[in-house]
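Asks: Mind having a look at this structure? Questions to follow.
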Amino acid sequence: MELPFSESFRIKMVEPIRKSTREERERWIREAHYNLFNLKSDEVFIDLLTDSGTGAMSDRQWAALMQGDESYAGARSYYNMKNAIRDILGFDFFLPTHQGRAAENVLYSTIINEGDVLPGNSHFDTTKGHIEFRKAHAIDCTIDEAADTQLEIPFKGNLDPVKLEKVLNEYPVERIPAVVLTVTNNTAGGQPVSMANIREVSAVCRRHGVRLQIDSARFAENAYFIKTREEGYADKSIKEIVREMFSYADIMTMSSKKDAIVNMGGFVAFRDEDLWRRCQMYCIMNEGFITYGGMSGRDMNALAVGLDEGTEFDYLQTRVRQVEYLGAKLDEYGIPYQRPAGGHAIFIDAKKVLTHVPKEEFIAQTLAIELYLEAGIRGVEIGSILADRDPETRENRYPALELLRLAIPRRTYTNNHMDVIAAALKNVYDRREQITRGYRITREFPIMRHFTVELEPMR
Ligand SMILES: *Cc1c(COP(=O)(O)O)cnc(C)c1O
């Protein structure tokens with residue numbers, strides 16, 4: 001008999017979590033103004049809000065933490081991180097930052113001017129926020145196929161080189177500080193970008209003399225998909241694939257809370273020494289001195305180990321197989337999600353579930369609240385609340401997709417938890433015809449409103 005798949009780790013430390021009653025959850029979500037970010041974590045049973053900084057560190061990472069060097073300048077931990085970035089990713093220059101958006105802040109403070117354009121494949125929300133905050137424009141050049149949730153293609157996160165070429169022809173090169181390629185493509189459903197696409201985008205950038213920035217939060221999951229789906233890569237190691245991916249980039253920004261499996265940290269890395277020097281000022285001003293930039297020595301040490309572990313095949317296989325396991329359960333129940341299953345999360349196609357809720361009443365948010373009420377499971381809306389208002393017209397933007405993202409933290413939950421998630425979704429799905437009204441906004445920020453937005457039910 002063929003042995004079933006199982007995890008490539010065993011558990012050394014546990015953290016209790018608590019179930020709640022529906023009455024408790026109704027009260028808590030009302031007190032949270034129907035924004036799941038406002039819930040206390042103790043009010044959540046299975047927390048799928050994000051896979052960012054919520055993973056379990058390994059014994060090796062905890063050991064590295066104890067050996068952190070907290071020197072202000074030139075700490076050993078800084079050099080451990082520097083060596084890992086050079087050896088695994090192939091960049092000689094970098095600046096540590098406290099997380100990914102801080103890396104964006106340091107970089108974009110240096111390279112973006114008002115009126116600039118940055119083409120990319122579905123820019124991440126903080127990336128778009130940092131671009132638009134500087135009165136520049138993020139132009140989405142994702143392939144059209146990404147918007148069809150039921151279409152099964154291996155690299156649904158790709159950037160369309162024809163759309164890119166068009167933008168690069170339309171604007172003068174001085175107005176384009178970088179092309180932003182996000183791997184995996186989070187906003188399109190954790191969908192990977194192929195090596196062929198990275199290579200082609202890079203060639204287009206070179207031809208036009210524009211820098212290529214890889215937004216790299218989930219680069220290792222992307223490499224796993226290249227290995228398992230793209231011709232010619234099956235026999236290459238994840239680390240070889242990662243080196244090739246970054247060989248095409250001029251800059252990488254990294255949220256280490258994702259594929260470097262730490263609870264806090266990030267960096268921006270450069271091929272160009274001059275750009276690295278120009279960015280140092282913003283690092284010192286906003287983050288800290290260039291050899292710690294917002295991170296403690298212990299965190300830089302854990303990050304260095306995390307980069308190594310995060311680019312090992314067995315770890316990645318365990319992770320992606322768990323997401324696929326949840327996807328297979330949803331298939332069994334006929335619940336529509338962005339296909340195929342992404343690297344770090346399942347994205348439920350909320351428009352296909354709640355067909356009676358009008359888009360003005362926030363379909364994906366409504367589904368997120370229903371799932372929380374059902375079983376204390378916290379997901380997150382990737383839809384029109386996240387999309388913010390148009391910066392010029394101040395009208396709500398309604399993206400093609402209304403998704404409920406269920407992000408799976410790394411090495412944290414078991415497949416029994418996945419079974420509970422699938423069953424809870426099935427219960428919501430079975431009563432979907434009764435859900436006809438959504439929510440209205442009562443309070444919001446002008447930018448990145450989803451974190452703090454307050455809502456009330458329409459009924
Ligand atoms: C998480 C993330 C960021 C921002 O990183 P933070 O660590 O949350 O600040 C940027 N881009 C992508 C693709 C991400 O997933």
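Letters for chains follow the order of the structure tokens (A, B, ...), residue numbers begin at 1 for each chain, and ligand numbers begin at 1 in the order shown.
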Within 7 Å of ligand 1, counting only C-alpha atoms and all ligand atoms, which protein or nucleic acid residues do you find, written as a PyMOL selection string?
Replies: chain A and resi 52+99-102+124+126-127+182-183+185-186+215-218+254-258+265-266
Asks: Considering only strand (DSSP E) as DSSP defines it on the backbone, what residues of range 137-200 of chain A qualify? List them as number ranges by chain.
Replies: A: 137-140, 179-182
Asks: Filtering to C-alpha atoms, could you give me those residues as a CSV table (one decimal), in the first residue's frame?
Replies:
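See part.csv below for the written result:
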chain,number,residue,atom,x,y,z
A,137,HIS,CA,-0.1,55.3,-10.1
A,138,ALA,CA,-0.1,51.5,-9.8
A,139,ILE,CA,-1.1,50.1,-13.2
A,140,ASP,CA,-2.4,46.6,-13.1
A,179,VAL,CA,8.0,47.5,-12.6
A,180,VAL,CA,6.6,45.5,-9.6
A,181,LEU,CA,6.3,41.8,-10.1
A,182,THR,CA,4.6,40.1,-7.1
Asks: Show me, as a list in words, the residues that have an atom within 8 Å of Ala188 in chain A when counting only C-alpha atoms, minus same-chain residues fewer than 5 positions from it.
Replies: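 Near Ala188 in chain A, the qualifying residues are Ser122, Ala146, Ala147, Lys156 and Gly157 of chain A.
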Asks: List the neighbours of Gly342 in chain A out to 12 Å using only C-alpha atoms; skip same-chain residues closer than 2 positions along the sequence, and give me the result as JSON, numbers by chain.
Replies: {"A": [146, 149, 152, 153, 154, 155, 156, 157, 183, 184, 185, 186, 187, 188, 189, 190, 191, 192, 193, 218, 221, 222, 224, 225, 319, 320, 321, 322, 323, 324, 325, 326, 327, 337, 338, 339, 340, 344, 345, 346, 347, 348, 405, 406, 407, 408]}
Asks: Restricting the calculation to only C-alpha atoms: of A:Gly438, A:Pro409, A:Glu244, A:Leu95, which residue gets closest to Phe289 in chain A?
Replies: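 Of the candidates, the smallest distance to Phe289 in chain A is held by A:Leu95.
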Asks: Can you check which residues of range 97-178 of chain A DSSP gives as alpha helix (DSSP H) on the backbone and send them as a PyMOL selection string?
Replies: chain A and resi 100-111+125-133+161-170
Asks: Report the distance between CA of Glu361 in chain A and CA of Glu433 in chain A in Å, rounded to one decimal place.
Replies: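 It comes out at 16.0 Å.
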Asks: Considering only C-alpha atoms, can you say which of A:Leu49, A:Ala424, A:Ile241, A:Ile143 comes closest to Leu89 in chain A?
Replies: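 That would be A:Ile241, the residue with the smallest distance to Leu89 in chain A.
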Asks: Give me the residues within 8 Å of His208 in chain A as a PyMOL selection string, counting only C-alpha atoms and dropping any in the same chain fewer than 4 places off.
Replies: chain A and resi 168+173+204
Asks: With a distance cut-off of 12 Å and only C-alpha atoms, select the neighbouring residues of Val353 in chain A, excluding the residue or stretch itself and same-chain residues fewer than 4 positions from it, and output the selection as number ranges by chain.
Replies: A: 334-337, 348-349, 357, 363-364, 366-368, 370, 402-404, 425-436
Asks: Output N, CA and C atoms for every residue in the selection just made, as a PDB file, in the first residue's frame.
Replies:
ATOM      1  N   GLY A 334     -18.668  21.238  -3.097  1.00  0.00           N
ATOM      2  CA  GLY A 334     -19.111  22.097  -4.200  1.00  0.00           C
ATOM      3  C   GLY A 334     -18.997  23.586  -3.932  1.00  0.00           C
ATOM      4  N   ILE A 335     -18.082  23.970  -3.048  1.00  0.00           N
ATOM      5  CA  ILE A 335     -17.938  25.394  -2.707  1.00  0.00           C
ATOM      6  C   ILE A 335     -16.915  26.034  -3.654  1.00  0.00           C
ATOM      7  N   PRO A 336     -17.325  27.101  -4.381  1.00  0.00           N
ATOM      8  CA  PRO A 336     -16.431  27.681  -5.398  1.00  0.00           C
ATOM      9  C   PRO A 336     -15.314  28.533  -4.804  1.00  0.00           C
ATOM     10  N   TYR A 337     -14.093  28.270  -5.251  1.00  0.00           N
ATOM     11  CA  TYR A 337     -12.946  29.077  -4.822  1.00  0.00           C
ATOM     12  C   TYR A 337     -12.037  29.302  -6.017  1.00  0.00           C
ATOM     13  N   ILE A 348     -12.244  32.005  -1.367  1.00  0.00           N
ATOM     14  CA  ILE A 348     -13.610  31.634  -1.724  1.00  0.00           C
ATOM     15  C   ILE A 348     -14.195  32.705  -2.638  1.00  0.00           C
ATOM     16  N   ASP A 349     -14.842  32.263  -3.702  1.00  0.00           N
ATOM     17  CA  ASP A 349     -15.460  33.190  -4.658  1.00  0.00           C
ATOM     18  C   ASP A 349     -16.814  33.626  -4.085  1.00  0.00           C
ATOM     19  N   VAL A 357     -26.672  39.168  -2.374  1.00  0.00           N
ATOM     20  CA  VAL A 357     -26.176  40.385  -1.720  1.00  0.00           C
ATOM     21  C   VAL A 357     -25.648  41.339  -2.794  1.00  0.00           C
ATOM     22  N   ILE A 363     -20.010  42.019  -0.526  1.00  0.00           N
ATOM     23  CA  ILE A 363     -20.327  40.589  -0.581  1.00  0.00           C
ATOM     24  C   ILE A 363     -19.317  39.724   0.194  1.00  0.00           C
ATOM     25  N   ALA A 364     -18.021  39.941  -0.061  1.00  0.00           N
ATOM     26  CA  ALA A 364     -17.007  39.092   0.582  1.00  0.00           C
ATOM     27  C   ALA A 364     -16.941  39.344   2.091  1.00  0.00           C
ATOM     28  N   THR A 366     -19.473  40.196   3.901  1.00  0.00           N
ATOM     29  CA  THR A 366     -20.666  39.537   4.447  1.00  0.00           C
ATOM     30  C   THR A 366     -20.385  38.046   4.665  1.00  0.00           C
ATOM     31  N   LEU A 367     -19.715  37.428   3.695  1.00  0.00           N
ATOM     32  CA  LEU A 367     -19.381  36.004   3.833  1.00  0.00           C
ATOM     33  C   LEU A 367     -18.391  35.780   4.979  1.00  0.00           C
ATOM     34  N   ALA A 368     -17.440  36.686   5.118  1.00  0.00           N
ATOM     35  CA  ALA A 368     -16.447  36.575   6.204  1.00  0.00           C
ATOM     36  C   ALA A 368     -17.150  36.597   7.564  1.00  0.00           C
ATOM     37  N   GLU A 370     -20.319  35.810   8.169  1.00  0.00           N
ATOM     38  CA  GLU A 370     -21.111  34.579   8.316  1.00  0.00           C
ATOM     39  C   GLU A 370     -20.239  33.408   8.776  1.00  0.00           C
ATOM     40  N   GLU A 402     -14.745  39.306  -5.744  1.00  0.00           N
ATOM     41  CA  GLU A 402     -15.034  39.483  -4.318  1.00  0.00           C
ATOM     42  C   GLU A 402     -14.633  38.171  -3.656  1.00  0.00           C
ATOM     43  N   LEU A 403     -13.508  38.195  -2.941  1.00  0.00           N
ATOM     44  CA  LEU A 403     -12.983  36.947  -2.393  1.00  0.00           C
ATOM     45  C   LEU A 403     -12.960  36.975  -0.872  1.00  0.00           C
ATOM     46  N   LEU A 404     -13.191  35.804  -0.274  1.00  0.00           N
ATOM     47  CA  LEU A 404     -12.944  35.623   1.155  1.00  0.00           C
ATOM     48  C   LEU A 404     -11.670  34.807   1.250  1.00  0.00           C
ATOM     49  N   LEU A 425     -17.831  26.105   6.380  1.00  0.00           N
ATOM     50  CA  LEU A 425     -18.175  26.744   5.104  1.00  0.00           C
ATOM     51  C   LEU A 425     -19.361  26.057   4.452  1.00  0.00           C
ATOM     52  N   LYS A 426     -19.397  24.742   4.572  1.00  0.00           N
ATOM     53  CA  LYS A 426     -20.524  24.003   3.986  1.00  0.00           C
ATOM     54  C   LYS A 426     -21.833  24.433   4.640  1.00  0.00           C
ATOM     55  N   ASN A 427     -21.809  24.599   5.960  1.00  0.00           N
ATOM     56  CA  ASN A 427     -23.028  25.025   6.654  1.00  0.00           C
ATOM     57  C   ASN A 427     -23.494  26.403   6.167  1.00  0.00           C
ATOM     58  N   VAL A 428     -22.549  27.312   5.986  1.00  0.00           N
ATOM     59  CA  VAL A 428     -22.908  28.636   5.451  1.00  0.00           C
ATOM     60  C   VAL A 428     -23.437  28.480   4.028  1.00  0.00           C
ATOM     61  N   TYR A 429     -22.746  27.663   3.253  1.00  0.00           N
ATOM     62  CA  TYR A 429     -23.129  27.453   1.846  1.00  0.00           C
ATOM     63  C   TYR A 429     -24.548  26.906   1.751  1.00  0.00           C
ATOM     64  N   ASP A 430     -24.888  25.986   2.654  1.00  0.00           N
ATOM     65  CA  ASP A 430     -26.220  25.364   2.616  1.00  0.00           C
ATOM     66  C   ASP A 430     -27.343  26.373   2.909  1.00  0.00           C
ATOM     67  N   ARG A 431     -27.026  27.437   3.659  1.00  0.00           N
ATOM     68  CA  ARG A 431     -28.081  28.427   3.936  1.00  0.00           C
ATOM     69  C   ARG A 431     -27.851  29.732   3.174  1.00  0.00           C
ATOM     70  N   ARG A 432     -27.124  29.652   2.047  1.00  0.00           N
ATOM     71  CA  ARG A 432     -26.759  30.868   1.305  1.00  0.00           C
ATOM     72  C   ARG A 432     -27.966  31.610   0.742  1.00  0.00           C
ATOM     73  N   GLU A 433     -29.054  30.872   0.413  1.00  0.00           N
ATOM     74  CA  GLU A 433     -30.234  31.520  -0.173  1.00  0.00           C
ATOM     75  C   GLU A 433     -30.900  32.476   0.814  1.00  0.00           C
ATOM     76  N   GLN A 434     -30.694  32.218   2.122  1.00  0.00           N
ATOM     77  CA  GLN A 434     -31.317  33.086   3.125  1.00  0.00           C
ATOM     78  C   GLN A 434     -30.510  34.363   3.386  1.00  0.00           C
ATOM     79  N   ILE A 435     -29.303  34.416   2.866  1.00  0.00           N
ATOM     80  CA  ILE A 435     -28.455  35.589   3.125  1.00  0.00           C
ATOM     81  C   ILE A 435     -28.625  36.560   1.961  1.00  0.00           C
ATOM     82  N   THR A 436     -29.385  37.630   2.210  1.00  0.00           N
ATOM     83  CA  THR A 436     -29.730  38.525   1.095  1.00  0.00           C
ATOM     84  C   THR A 436     -29.230  39.953   1.308  1.00  0.00           C
TER      85      THR A 436
END
